[in-house]
Amino acid sequence: MLDITERGLTAQEVKERMEDGRVNILSTSATKSIGKIVLENVFTFFNMIFVFIAAILIAVGAFKELTFIVIIVLNTGIGIVQELISKKKLDDLSLLAKTKAKVVRDGQIYEVDTEDLVEDDIVYFGAGSQIHADGKVIAGEIQVNEGLLTGESDEITKNPGKELFSGSYVISGECYARLTRVGEESYGAKLTAEAQKSTRQKKPGMMKSLTYLLYIIGMFIVPIGILLFLRQYDVLGLDVKESVENTAAAIIGMIPEGLYLLVSVALAVSVGRLAQKKILVQDLKSTETLARVDMLCVDKTGTITESKMEVSEIIKLKEDLSEEEVKKQLGEFVDNMADDNETMKAIKEYFKEKTSGARKAEKIEAFSSKNKYSSVTYGEGEVYYLGAPDILWKQPESEVIKKAETYAVTGARVLLFLKNETPLALVALKNPIRPSAKETFRYFKENQVTIKVISGDSPKTVSAVALEAGIEGAEAFVDMTTIKNKKDLEEAAEKYTVFGRVKPEQKRQLVQALQKQGHTVAMTGDGVNDVLALKSADCGVAMAGGSEAAAGVAEVVLLNSDFSDMPQVVAEGRRVINNIERTASLYLVKNIFSVFLAIISIIAVFEYPLVPSQLTLMSFLTIGMPSFVLALEPNESKVSGKFLRKVIYRAMPAALADLCIIIIIVMFQYAFQIESKQTSTITALLVTAVGFYMVYKACVPFRKWHYALFGVMIVLLIGIIAYIPDVFSITKLNLGSMLILGCMLLLIPTFIMFFNRSREIVTKFYIKIKAIHNAQRKL
């Protein structure tokens, strides 16, 4: 670490600045406040509609039709409790993951949370450091990347007097800087605030689809409700109470009251489960994104291999120079360099004891991922270089390069030590393969996730390591220094598995090329050279043991810094999304048939055959209870396709079956003058039966708890009919009504089979038309 004569702020000066609010605290938080969680769950658009319906039902004295309020209160309460539990887990985990800063105070160097920094603090920055507040360099020199602020990935040198901006990060070098603007006053914070004013936060695909669905339903509810009430009251001549009850049932049926809640809770629970495994999810939408990942880009170091490197061998190249002399010169070189990356740390560890009489360099050029080398200058043109052989020695057919390649193919990282234009030695370093690497990559292969290895090392080295780790196709590698244009890069992205000599900007370009080809891309990394790619990926995953900058931009942080945790992340994402898709169809069955039934009853002018309490019974037994059970099951199938389209596709046959059954019952009612309470009960029981069928389909393949779930549902239904039928407006059926109920129960499978078959025919026809259309477009 650099020496510094500055004493920094005193404890009293720090206290005064904290009291003045000149502290590095941002108002943004990774989680919602308790108040916001409660408000968002209580004051929803549909909750307000339910309250309005309840008020009208109370006004007309229809008290027993208020049972739906119990379900709404339970749903809202469950949502609040689950989100609060997840918030606590995430807040605890965020506390562990807080970044630290080295600060000079009272002449001593302390490590404090970045939120405890104050204006005028003197802070140390080294390679990999995220710059958390604006400042001015007072000692040392660093190269920074301001790409997250400006979009440009150039390395910018900052020496004494130069300004540093929050949101940028250090690539190489080390310095001390005095903080000039902290917290909300910093450049990065103002830029973020401005962006939030002008842009709306994007919802993930599933949440976006649900919001769109709810907007459409919300638009139809009011006009349909008004028309239905007028038809029931004016045309059919029902009294106010009956008209209100029927209209309320139609509106309640159209609202997927628990679906949005189910999704929110399931995602929150998923994030909480990952938190228990020391996996910090910084963005809720990343759970869904990871479920859809089919392309995973990884770095070699820290992902396939351990982060810690070791010098395995030093190979002398200059014949007339002794091994001792070569090691002396290399030792002098590393004495002058900062241990700001894993490679230099490993070489410094090899030369633990200081070289006696080591010279001090006049000029030092720190290693950067852009140049791929570092250098020291002693004077009189005596310059030493240490870096990638193919970058420093551009003679591909020379003995130097051939010898370097013989070590590279074994999986070693090889550096060339060069004096001016004379090769002195090769330094071979190795990272041991992570013990869990093979098993981890086997998991991804079995789950149809393609691996791409993107590294700054020699492609031959990376290929050898990747093959040892069991990555499929790792023998196909490319040197990215040979890629000269965007078209070649896009072709290489699809063709090769291993990419070597990749510059930070090329990492981002490779991720973007894969996205352009239709892939959902996750990127893992732990170094500053991974930041741009992490930011561009659909989901960035960082190792907590790596650089602050990488952890700062990633949506997911592995706090154990263990790549073998990745299968758990992907599996959790797939579990929650697949289960939500599976159970969401339970909700939409009721919504689809309720919308169609309301419209038909307005046009055909017949009494709406259901009341709110009956729909509450159906919703509780066949939607609410099973959906929350099924949403938490194991499920690691690959996620694909459009969420809303798939859910409607699954729900449509049962919804149409419900609609046909209800219309037939209404026709029976008018043909044989059946009492409305009898037909209402028949309809409620038949709709519940179709709901049981949908639960059965959602449970396939059956497990032990599925039988338990069905058993509980059936026992509850029998108990309700036997002991509290009035609570749910269930009337005792006469013999004729029981015969109708029995016949219609037998017809349910026929209706569903018919609509399933019709759906398949329409789907095949649509696929054919689409294929013809696509073929014509290509011509």
# chains A, B, ... in the order shown; residues from 1 in each chain; ligands from 1
$ residues_around --residues "region 564-567 of chain A" --least-positions-apart "6" --cutoff "9 Å" --atoms "only C-alpha atoms" --output "list in words"
Lys277, Ile279, Thr303, Arg434, Ser436, Ala437, Glu439, Thr440, Phe441, Tyr443, Phe444, Val541 and Leu558 of chain A
$ select_by_dssp --residues "region 398-580 of chain A" --states "alpha helix (DSSP H)" --output "NGL selection string"
:A and (399-408 or 437-446 or 459-468 or 486-495 or 504-516 or 531-536 or 548-553 or 566-580)
$ closest_residue --among "A:Glu382, A:Glu421, A:Glu505, A:Asp335" --to "Ala533 (chain A)" --atoms "only C-alpha atoms"
A:Glu505
$ residues_around --residues "Val462 (chain A)" --least-positions-apart "4" --cutoff "12 Å" --atoms "only C-alpha atoms" --output "PyMOL selection string"
chain A and resi 298-301+303-305+405+407-414+430-431+433+452-458+466-469+471+474-479+497-502
$ select_by_dssp --residues "region 212-329 of chain A" --states "strand (DSSP E or B)" --output "number ranges by chain"
A: 279-281, 295-298, 301, 305, 310-316
$ write_last_selection --atoms "N, CA, C and O atoms" --output "compact mmCIF listing (two decimals), in the first residue's frame"
# COMPACT_ATOMS: atom_id res chain seq x y z
N ILE A 279 -26.88 -16.51 -0.96
CA ILE A 279 -26.94 -15.98 -2.33
C ILE A 279 -27.80 -14.74 -2.29
O ILE A 279 -28.99 -14.81 -1.98
N LEU A 280 -27.19 -13.61 -2.57
CA LEU A 280 -27.88 -12.32 -2.47
C LEU A 280 -28.47 -11.93 -3.81
O LEU A 280 -27.74 -11.72 -4.78
N VAL A 281 -29.80 -11.85 -3.89
CA VAL A 281 -30.49 -11.41 -5.11
C VAL A 281 -30.79 -9.93 -4.96
O VAL A 281 -31.58 -9.53 -4.11
N MET A 295 -27.88 -19.73 -21.93
CA MET A 295 -26.47 -19.49 -22.26
C MET A 295 -25.80 -18.87 -21.04
O MET A 295 -26.24 -17.84 -20.54
N LEU A 296 -24.75 -19.53 -20.56
CA LEU A 296 -24.03 -19.05 -19.37
C LEU A 296 -22.58 -18.77 -19.75
O LEU A 296 -21.85 -19.67 -20.16
N CYS A 297 -22.19 -17.51 -19.63
CA CYS A 297 -20.81 -17.11 -19.92
C CYS A 297 -20.03 -17.06 -18.61
O CYS A 297 -20.46 -16.43 -17.65
N VAL A 298 -18.89 -17.74 -18.58
CA VAL A 298 -18.10 -17.80 -17.36
C VAL A 298 -16.66 -17.40 -17.64
O VAL A 298 -16.17 -17.53 -18.76
N THR A 301 -10.76 -17.95 -14.31
CA THR A 301 -10.28 -17.76 -12.95
C THR A 301 -11.43 -17.41 -12.01
O THR A 301 -12.20 -16.50 -12.29
N THR A 305 -11.68 -22.41 -12.04
CA THR A 305 -10.54 -22.66 -11.16
C THR A 305 -10.68 -21.85 -9.88
O THR A 305 -11.51 -20.95 -9.77
N GLU A 310 -0.72 -19.88 -8.19
CA GLU A 310 0.59 -20.26 -7.68
C GLU A 310 1.58 -20.33 -8.83
O GLU A 310 1.23 -20.77 -9.93
N VAL A 311 2.83 -19.89 -8.58
CA VAL A 311 3.88 -20.03 -9.60
C VAL A 311 4.31 -21.48 -9.61
O VAL A 311 4.76 -22.01 -8.59
N SER A 312 4.15 -22.13 -10.75
CA SER A 312 4.53 -23.54 -10.84
C SER A 312 5.96 -23.72 -11.35
O SER A 312 6.64 -24.68 -10.98
N GLU A 313 6.42 -22.77 -12.19
CA GLU A 313 7.78 -22.92 -12.74
C GLU A 313 8.24 -21.61 -13.37
O GLU A 313 7.43 -20.85 -13.90
N ILE A 314 9.56 -21.36 -13.29
CA ILE A 314 10.17 -20.23 -14.02
C ILE A 314 11.16 -20.84 -15.01
O ILE A 314 12.10 -21.56 -14.62
N ILE A 315 10.95 -20.58 -16.29
CA ILE A 315 11.74 -21.20 -17.36
C ILE A 315 12.68 -20.16 -17.95
O ILE A 315 12.25 -19.19 -18.59
N LYS A 316 13.99 -20.35 -17.76
CA LYS A 316 14.99 -19.41 -18.25
C LYS A 316 15.08 -19.51 -19.78
O LYS A 316 15.09 -20.61 -20.34
$ closest_residue --among "A:Ile217, A:Val531, A:Ile58, A:Val326" --to "Pro423 (chain A)" --atoms "only C-alpha atoms"
A:Val326
